[in-house]
>>> print(open('structure_0.tsv').read())   # TSV, C-alpha atoms (C1' of nucleotides) and all ligand atoms
chain	number	residue	atom	x	y	z
J	465	MET	CA	101.92	119.26	111.10
J	466	ASP	CA	102.53	119.24	114.82
J	467	MET	CA	100.40	116.57	116.48
J	468	LEU	CA	99.54	118.92	119.30
J	469	THR	CA	98.34	121.60	116.91
J	470	LEU	CA	96.46	118.98	114.95
J	471	LEU	CA	94.56	117.87	118.03
J	472	ARG	CA	93.70	121.44	118.95
J	473	GLN	CA	92.59	122.37	115.44
J	474	ARG	CA	90.23	119.41	115.31
J	475	GLY	CA	88.62	120.44	118.57
J	476	HIS	CA	90.12	117.76	120.78
J	477	ARG	CA	91.08	118.66	124.31
J	478	ILE	CA	94.70	118.88	125.33
J	479	THR	CA	94.97	116.67	128.35
J	480	ARG	CA	97.76	115.41	130.51
J	481	PRO	CA	97.52	111.80	129.21
J	482	ARG	CA	97.57	112.99	125.60
J	483	LEU	CA	100.61	115.15	126.24
J	484	ALA	CA	102.32	112.16	127.81
J	485	VAL	CA	101.61	110.04	124.74
J	486	LEU	CA	102.83	112.77	122.38
J	487	GLN	CA	106.04	113.11	124.33
J	488	ALA	CA	106.58	109.35	124.34
J	489	LEU	CA	106.11	109.31	120.57
J	490	ALA	CA	108.49	112.23	120.13
J	491	GLU	CA	111.23	110.77	122.28
J	492	GLY	CA	110.74	107.08	121.54
J	493	PRO	CA	112.06	104.99	118.65
J	494	ALA	CA	110.76	105.26	115.08
J	495	HIS	CA	108.79	102.06	115.53
J	496	ILE	CA	107.09	102.04	118.90
J	497	SER	CA	104.53	99.69	120.39
J	498	ALA	CA	101.53	100.67	122.48
J	499	ALA	CA	103.11	99.00	125.49
J	500	GLU	CA	106.26	101.07	125.06
J	501	VAL	CA	104.21	104.24	124.74
J	502	LEU	CA	102.47	103.30	127.98
J	503	SER	CA	105.59	102.70	130.03
J	504	GLU	CA	107.40	105.64	128.49
J	505	GLY	CA	104.39	107.90	128.94
J	506	ARG	CA	104.15	107.02	132.61
J	507	ARG	CA	107.48	108.73	133.16
J	508	THR	CA	105.79	112.06	132.51
J	509	HIS	CA	102.36	111.07	133.82
J	510	PRO	CA	102.54	108.19	136.29
J	511	GLY	CA	98.78	107.69	136.39
J	512	LEU	CA	98.54	107.12	132.63
J	513	SER	CA	96.17	104.28	131.86
J	514	LYS	CA	96.39	101.60	129.23
J	515	ALA	CA	93.01	102.59	127.85
J	516	SER	CA	94.04	106.20	127.33
J	517	VAL	CA	97.14	105.15	125.44
J	518	TYR	CA	95.18	102.99	123.05
J	519	ARG	CA	92.50	105.65	122.66
J	520	THR	CA	95.03	108.37	121.92
J	521	LEU	CA	96.97	106.23	119.45
J	522	GLN	CA	93.73	105.36	117.71
J	523	LEU	CA	92.72	109.01	117.60
J	524	LEU	CA	96.05	110.05	116.13
J	525	GLU	CA	95.72	107.32	113.55
J	526	THR	CA	92.28	108.49	112.44
J	527	LEU	CA	93.63	112.02	112.26
J	528	GLY	CA	96.27	110.74	109.89
J	529	ALA	CA	99.23	111.69	112.04
J	530	LEU	CA	100.16	108.14	112.91
J	531	ARG	CA	99.99	104.76	111.29
J	532	GLY	CA	99.73	101.40	112.98
J	533	ILE	CA	101.91	98.82	111.29
J	534	PRO	CA	100.94	95.24	112.01
J	535	SER	CA	104.02	93.06	112.16
J	536	PRO	CA	104.95	89.58	113.30
J	537	GLU	CA	106.05	91.05	116.64
J	538	GLY	CA	102.78	92.87	117.19
J	539	ARG	CA	101.52	96.22	116.07
J	540	SER	CA	103.82	99.19	116.13
J	541	PHE	CA	103.17	102.82	115.35
J	542	VAL	CA	105.12	105.18	113.15
J	543	ARG	CA	104.72	108.82	112.25
J	544	VAL	CA	103.13	109.07	108.85
J	545	ALA	CA	105.32	110.26	106.02
J	546	PRO	CA	104.12	109.48	102.49
J	547	GLY	CA	106.69	107.72	100.34
J	548	HIS	CA	108.65	106.88	103.43
J	549	HIS	CA	109.15	103.23	104.33
J	550	HIS	CA	111.50	101.16	106.43
J	551	LEU	CA	114.05	98.42	106.18
J	552	LEU	CA	113.61	96.22	109.23
J	553	CYS	CA	116.58	94.12	110.24
J	554	GLN	CA	115.44	90.79	111.65
J	555	GLY	CA	118.79	90.31	113.30
J	556	CYS	CA	119.29	93.38	115.48
J	557	GLY	CA	116.00	95.21	115.03
J	558	GLU	CA	117.57	98.20	113.36
J	559	VAL	CA	115.14	100.39	111.47
J	560	ARG	CA	116.55	102.15	108.45
J	561	ASP	CA	114.75	104.79	106.45
J	562	PHE	CA	113.92	103.80	102.94
J	563	SER	CA	112.27	105.84	100.23
J	564	GLY	CA	111.53	105.62	96.55
J	565	CYS	CA	109.59	102.39	96.44
J	566	GLY	CA	108.50	101.87	92.86
J	567	LEU	CA	104.87	101.87	93.81
J	568	CYS	CA	105.04	105.36	95.26
J	569	ASP	CA	105.84	106.65	91.80
J	570	SER	CA	103.24	104.64	89.96
J	571	TRP	CA	100.14	105.06	92.06
J	572	ARG	CA	98.23	106.71	89.30
J	573	GLU	CA	99.18	104.10	86.76
J	574	VAL	CA	98.08	101.30	89.03
J	575	ALA	CA	94.85	103.09	89.83
J	576	ASP	CA	94.06	103.62	86.18
J	577	GLU	CA	95.05	100.18	84.99
J	578	GLU	CA	93.03	98.41	87.65
J	579	ARG	CA	90.25	100.98	87.90
J	580	PHE	CA	91.06	100.98	91.57
J	581	PHE	CA	91.21	104.05	93.78
J	582	VAL	CA	94.38	103.67	95.79
J	583	ALA	CA	93.99	105.18	99.25
J	584	GLY	CA	97.39	104.09	100.47
J	585	HIS	CA	99.84	101.27	100.72
J	586	LEU	CA	101.66	99.49	103.45
J	587	LEU	CA	105.19	98.40	102.73
J	588	GLU	CA	107.67	96.84	105.09
J	589	VAL	CA	110.87	95.24	103.91
J	590	PHE	CA	112.43	92.52	106.02
J	591	GLY	CA	115.96	91.25	105.89
J	592	LEU	CA	119.41	91.62	107.42
J	593	CYS	CA	121.60	94.66	107.75
J	594	SER	CA	125.22	94.38	106.68
J	595	GLY	CA	126.40	93.79	110.24
J	596	CYS	CA	124.02	90.96	110.98
J	597	ARG	CA	124.63	89.54	107.54
J	598	SER	CA	128.34	89.09	108.10
J	599	LYS	CA	127.75	87.73	111.58
J	600	ARG	CA	125.76	84.88	110.10
J	601	GLU	CA	128.21	83.93	107.39
J	602	GLY	CA	130.04	81.58	109.71
J	603	GLU	CA	126.93	79.87	110.97
J	604	THR	CA	125.93	76.34	110.07
J	605	SER	CA	122.39	76.97	109.04
I	776	MET	CA	105.19	73.01	94.71
I	777	ASP	CA	102.25	71.05	96.05
I	778	MET	CA	101.89	71.64	99.77
I	779	LEU	CA	101.24	67.98	100.37
I	780	THR	CA	104.40	66.97	98.55
I	781	LEU	CA	106.30	69.68	100.37
I	782	LEU	CA	105.25	68.30	103.74
I	783	ARG	CA	106.23	64.77	102.75
I	784	GLN	CA	109.59	65.81	101.32
I	785	ARG	CA	110.50	67.61	104.51
I	786	GLY	CA	109.73	64.56	106.57
I	787	HIS	CA	106.47	65.73	108.11
I	788	ARG	CA	103.68	63.24	108.62
I	789	ILE	CA	100.58	63.36	106.51
I	790	THR	CA	97.76	63.43	109.00
I	791	ARG	CA	94.03	63.87	108.84
I	792	PRO	CA	94.09	67.35	110.46
I	793	ARG	CA	96.76	68.53	108.04
I	794	LEU	CA	94.83	67.24	105.06
I	795	ALA	CA	91.77	69.07	106.33
I	796	VAL	CA	93.74	72.31	106.56
I	797	LEU	CA	95.20	71.84	103.09
I	798	GLN	CA	91.77	71.26	101.64
I	799	ALA	CA	90.37	74.31	103.41
I	800	LEU	CA	93.19	76.38	101.96
I	801	ALA	CA	92.64	74.96	98.50
I	802	GLU	CA	88.89	75.54	98.48
I	803	GLY	CA	88.72	78.73	100.55
I	804	PRO	CA	89.17	82.34	99.48
I	805	ALA	CA	92.51	83.84	98.51
I	806	HIS	CA	92.74	85.60	101.85
I	807	ILE	CA	91.65	83.25	104.62
I	808	SER	CA	91.82	83.61	108.37
I	809	ALA	CA	92.77	80.92	110.85
I	810	ALA	CA	89.20	80.87	112.15
I	811	GLU	CA	87.88	80.29	108.65
I	812	VAL	CA	90.36	77.49	108.08
I	813	LEU	CA	89.16	75.93	111.32
I	814	SER	CA	85.45	76.01	110.53
I	815	GLU	CA	86.03	75.04	106.90
I	816	GLY	CA	88.42	72.28	107.87
I	817	ARG	CA	85.90	70.80	110.27
I	818	ARG	CA	83.69	69.99	107.33
I	819	THR	CA	86.19	67.34	106.27
I	820	HIS	CA	87.44	66.49	109.75
I	821	PRO	CA	84.88	67.35	112.43
I	822	GLY	CA	87.29	66.76	115.31
I	823	LEU	CA	89.81	69.28	114.01
I	824	SER	CA	91.20	71.33	116.88
I	825	LYS	CA	92.05	75.00	117.02
I	826	ALA	CA	95.60	74.17	118.08
I	827	SER	CA	96.21	71.93	115.08
I	828	VAL	CA	95.03	74.61	112.68
I	829	TYR	CA	97.42	77.16	114.10
I	830	ARG	CA	100.24	74.65	114.24
I	831	THR	CA	99.72	73.60	110.63
I	832	LEU	CA	99.44	77.15	109.36
I	833	GLN	CA	102.61	78.04	111.22
I	834	LEU	CA	104.38	75.01	109.78
I	835	LEU	CA	103.34	75.86	106.24
I	836	GLU	CA	104.54	79.38	106.79
I	837	THR	CA	107.99	78.27	107.93
I	838	LEU	CA	108.15	75.94	104.94
I	839	GLY	CA	107.54	78.95	102.74
I	840	ALA	CA	104.30	77.70	101.23
I	841	LEU	CA	102.11	80.18	103.01
I	842	ARG	CA	102.40	83.71	104.24
I	843	GLY	CA	100.56	85.29	107.14
I	844	ILE	CA	99.49	88.81	106.33
I	845	PRO	CA	98.77	90.93	109.36
I	846	SER	CA	95.98	93.38	108.59
I	847	PRO	CA	93.69	95.68	110.52
I	848	GLU	CA	91.03	92.95	110.48
I	849	GLY	CA	93.37	90.35	111.91
I	850	ARG	CA	95.87	88.03	110.33
I	851	SER	CA	95.02	86.25	107.12
I	852	PHE	CA	96.94	83.70	105.14
I	853	VAL	CA	97.69	83.58	101.44
I	854	ARG	CA	99.55	81.13	99.24
I	855	VAL	CA	102.99	82.47	98.56
I	856	ALA	CA	103.65	83.68	95.05
I	857	PRO	CA	106.67	85.95	94.64
I	858	GLY	CA	105.88	89.25	92.97
I	859	HIS	CA	102.21	88.67	93.57
I	860	HIS	CA	100.31	91.12	95.75
I	861	HIS	CA	96.75	92.19	96.30
I	862	LEU	CA	94.49	95.19	95.99
I	863	LEU	CA	92.19	95.16	99.00
I	864	CYS	CA	88.93	97.05	98.61
I	865	GLN	CA	87.94	98.67	101.88
I	866	GLY	CA	84.37	98.97	100.68
I	867	CYS	CA	83.32	95.44	99.72
I	868	GLY	CA	86.35	93.39	100.73
I	869	GLU	CA	87.13	92.33	97.19
I	870	VAL	CA	90.64	90.98	96.69
I	871	ARG	CA	92.15	91.60	93.29
I	872	ASP	CA	95.41	90.18	92.08
I	873	PHE	CA	98.14	92.69	91.52
I	874	SER	CA	101.62	92.17	90.17
I	875	GLY	CA	104.58	94.20	89.07
I	876	CYS	CA	105.18	96.27	92.15
I	877	GLY	CA	108.25	98.38	91.48
I	878	LEU	CA	110.07	96.92	94.41
I	879	CYS	CA	109.87	93.38	93.06
I	880	ASP	CA	112.03	94.48	90.15
I	881	SER	CA	114.50	96.47	92.17
I	882	TRP	CA	115.26	94.22	95.09
I	883	ARG	CA	118.87	93.88	94.18
I	884	GLU	CA	119.32	97.56	93.66
I	885	VAL	CA	117.86	98.35	97.03
I	886	ALA	CA	119.94	95.66	98.66
I	887	ASP	CA	123.12	96.96	97.13
I	888	GLU	CA	122.43	100.62	97.77
I	889	GLU	CA	121.57	100.07	101.40
I	890	ARG	CA	123.94	97.17	101.97
I	891	PHE	CA	120.89	95.37	103.20
I	892	PHE	CA	120.04	91.74	102.50
I	893	VAL	CA	116.37	91.73	101.56
I	894	ALA	CA	114.65	88.55	102.68
I	895	GLY	CA	111.18	89.60	101.65
I	896	HIS	CA	108.67	92.38	101.63
I	897	LEU	CA	105.14	92.88	102.79
I	898	LEU	CA	102.95	94.94	100.52
I	899	GLU	CA	99.26	95.55	100.83
I	900	VAL	CA	97.47	98.21	98.85
I	901	PHE	CA	94.27	99.65	100.30
I	902	GLY	CA	91.61	101.59	98.47
I	903	LEU	CA	88.30	101.30	96.69
I	904	CYS	CA	87.30	99.24	93.69
I	905	SER	CA	85.47	100.95	90.86
I	906	GLY	CA	82.09	99.75	92.09
I	907	CYS	CA	82.51	101.01	95.64
I	908	ARG	CA	84.07	104.18	94.33
I	909	SER	CA	81.00	105.14	92.31
I	910	LYS	CA	78.72	104.16	95.19
I	911	ARG	CA	80.39	106.76	97.36
I	912	GLU	CA	80.29	109.60	94.90
I	913	GLY	CA	76.81	110.63	96.04
I	914	GLU	CA	77.65	110.51	99.73
I	915	THR	CA	77.92	113.59	101.91
I	916	SER	CA	81.16	112.78	103.58
B	462	DT	C1'	87.59	134.00	138.42
B	463	DC	C1'	83.86	130.69	138.90
B	464	DG	C1'	80.83	127.42	137.85
B	465	DC	C1'	78.74	124.45	133.70
B	466	DT	C1'	78.99	121.31	130.17
B	467	DT	C1'	80.66	117.48	128.37
B	468	DG	C1'	84.76	115.31	126.40
B	469	DT	C1'	88.10	112.49	128.69
B	470	DT	C1'	90.10	109.55	132.11
B	471	DG	C1'	91.36	105.42	134.94
B	472	DA	C1'	90.15	101.04	137.09
B	473	DT	C1'	88.38	96.94	136.01
B	474	DA	C1'	85.97	93.43	133.71
B	475	DC	C1'	85.88	91.46	129.58
B	476	DT	C1'	86.80	89.58	124.68
B	477	DC	C1'	89.27	86.84	121.76
B	478	DG	C1'	93.25	85.46	118.83
B	479	DG	C1'	96.78	82.62	119.70
B	480	DT	C1'	99.91	79.55	122.64
B	481	DC	C1'	101.03	75.88	126.12
B	482	DT	C1'	100.48	71.46	128.40
B	483	DC	C1'	100.11	66.75	128.43
B	484	DA	C1'	98.10	62.34	128.17
B	485	DA	C1'	96.22	59.82	124.26
B	486	DT	C1'	96.60	58.74	119.44
B	487	DA	C1'	98.25	57.36	115.02
B	488	DA	C1'	101.79	57.82	111.12
B	489	DT	C1'	105.94	55.78	109.69
B	490	DA	C1'	110.02	52.49	109.81
B	491	DT	C1'	111.60	47.96	110.59
A	1291	DA	C1'	102.80	43.43	113.80
A	1292	DT	C1'	105.42	46.24	116.83
A	1293	DA	C1'	108.05	50.00	118.37
A	1294	DT	C1'	109.08	54.75	118.00
A	1295	DT	C1'	107.86	59.22	118.28
A	1296	DA	C1'	105.65	63.05	115.85
A	1297	DT	C1'	101.20	64.76	116.24
A	1298	DT	C1'	96.72	65.47	118.13
A	1299	DG	C1'	92.67	67.44	120.92
A	1300	DA	C1'	90.79	69.43	125.08
A	1301	DG	C1'	91.18	72.87	127.91
A	1302	DA	C1'	93.91	75.98	130.71
A	1303	DC	C1'	96.23	79.84	129.89
A	1304	DC	C1'	98.19	84.45	128.10
A	1305	DG	C1'	98.25	89.04	126.58
A	1306	DA	C1'	96.84	92.69	123.37
A	1307	DG	C1'	93.13	95.40	122.84
A	1308	DT	C1'	88.09	96.91	123.97
A	1309	DA	C1'	83.84	98.08	126.68
A	1310	DT	C1'	81.88	100.09	130.83
A	1311	DC	C1'	80.96	103.69	133.86
A	1312	DA	C1'	81.44	106.75	137.69
A	1313	DA	C1'	84.73	110.47	138.63
A	1314	DC	C1'	87.32	114.13	136.72
A	1315	DA	C1'	88.97	118.22	134.40
A	1316	DA	C1'	89.54	121.11	129.86
A	1317	DG	C1'	87.47	124.67	127.84
A	1318	DC	C1'	84.06	128.22	127.66
A	1319	DG	C1'	80.87	131.63	128.77
A	1320	DA	C1'	79.14	134.60	132.58
J	1401	ZN	ZN	120.99	94.01	111.96
J	1402	ZN	ZN	105.82	103.33	98.79
J	1403	ZN	ZN	84.73	97.29	96.47
J	1404	ZN	ZN	106.45	93.22	95.39
>>> encode(input="structure_0.tsv", output="structure tokens", more="lines below")
Ligand SMILES: [Zn+2]
Ligand SMILES: [Zn+2]
Ligand SMILES: [Zn+2]
Ligand SMILES: [Zn+2]
Amino acid sequence: MDMLTLLRQRGHRITRPRLAVLQALAEGPAHISAAEVLSEGRRTHPGLSKASVYRTLQLLETLGALRGIPSPEGRSFVRVAPGHHHLLCQGCGEVRDFSGCGLCDSWREVADEERFFVAGHLLEVFGLCSGCRSKREGETS
Amino acid sequence: MDMLTLLRQRGHRITRPRLAVLQALAEGPAHISAAEVLSEGRRTHPGLSKASVYRTLQLLETLGALRGIPSPEGRSFVRVAPGHHHLLCQGCGEVRDFSGCGLCDSWREVADEERFFVAGHLLEVFGLCSGCRSKREGETS
DNA sequence: TCGCTTGTTGATACTCGGTCTCAATAATAT
DNA sequence: ATATTATTGAGACCGAGTATCAACAAGCGA
């Protein structure tokens, strides 16, 4: 669902800072940090404050529209899409879509076997894309 | 391999602070934070410094003996065991061993399909254990 | 359209996990 | 035992994220 509509439906006010954050999320990269949202959001609302960015991101996360992914380089946010993960290249930073992780298909089995109610899972795959891989073949590691 | 042996084999010195960290890791919980390692390690080496704890944890991570898992509650460290993940209960904090994630078995397939060299993957499953699940059945959420 | 109500904002102080610096220390090799 | 140098500990420092609070403005009803 549209984040804007989601906010409205849940009774949250549509404000200039929130619109700036939404636009930054819409136009920014798939993985975006709070700092990037701030600087990007200031292009459409120069007075945008750090606090508002964090508050809005947190709100969107509790509404289920966004998910914060903790990573070695700091937290980044991605639009939530169940069964949708990412391949993160450690060489060039490319983010490639990736779906069909085995766990997505076997949630119920895992839940039953372990008597565990699975609310969700966080999966990030690290490695090297083909380009970066070939670049490193000549290196003396 | 034994962490102590690993350190020695790679030419790192065996020092009192490092032994304190190793012991804290051995005796502490499966998921342990840097702060916990510090306070626990000070039981065997009172003068243990914050910096040494972080340095040692970082060293062990680069040696592949340890893995830092970023989580909403801050980073925690676990002993590395390939194909070994955890079910994290959001109710009571219980950590249950979990193995056989579909991805572990299909690394090569994914790598080939996507022409992506997979160096590793981060998987954390969140939910509720059976105890916490039944506790919440009577709640008016 | 015009005020009210109150959710929201922005500036700033603050917290705290983690890193940096550097002189002092101690683990290893000879 | 001595020299070499990796490592340490104390504290300054950094930066992401949070708490505070008076000022503001989105929405709503008159
Ligand atoms: Zn790449
Ligand atoms: Zn999945
Ligand atoms: Zn539980
Ligand atoms: Zn796995």
>>> closest_residue(input="structure_0.tsv", among="J:Gly492, J:Gly511, J:Gly538, J:Gly505", to="chain B", atoms="all atoms listed in the file")
J:Gly511
>>> interface_residues(input="structure_0.tsv", of="chain J", to="chain B", cutoff="8 Å", atoms="only C-alpha atoms (C1' of nucleotides)", output="list in words")
Arg477, Gly511, Leu512, Ser513, Ala515 and Ser516 of chain J
>>> atom_distance(input="structure_0.tsv", atom1="atom C1' of DG1299 of chain A", atom2="atom CA of Ala810 of chain I")
16.4 Å
>>> interface_residues(input="structure_0.tsv", of="chain A", to="chain I", cutoff="12 Å", atoms="only C-alpha atoms (C1' of nucleotides)", output="PDB file with C-alpha atoms (C1' of nucleotides), in the frame of the given file")
ATOM      1  C1'  DT A1295     107.860  59.220 118.280  1.00  0.00           C
ATOM      2  C1'  DA A1296     105.650  63.050 115.850  1.00  0.00           C
ATOM      3  C1'  DT A1297     101.200  64.760 116.240  1.00  0.00           C
ATOM      4  C1'  DT A1298      96.720  65.470 118.130  1.00  0.00           C
ATOM      5  C1'  DG A1299      92.670  67.440 120.920  1.00  0.00           C
ATOM      6  C1'  DA A1300      90.790  69.430 125.080  1.00  0.00           C
ATOM      7  C1'  DG A1301      91.180  72.870 127.910  1.00  0.00           C
TER       8       DG A1301
END
>>> atom_distance(input="structure_0.tsv", atom1="atom CA of Gln784 of chain I", atom2="atom CA of Val812 of chain I")
23.5 Å
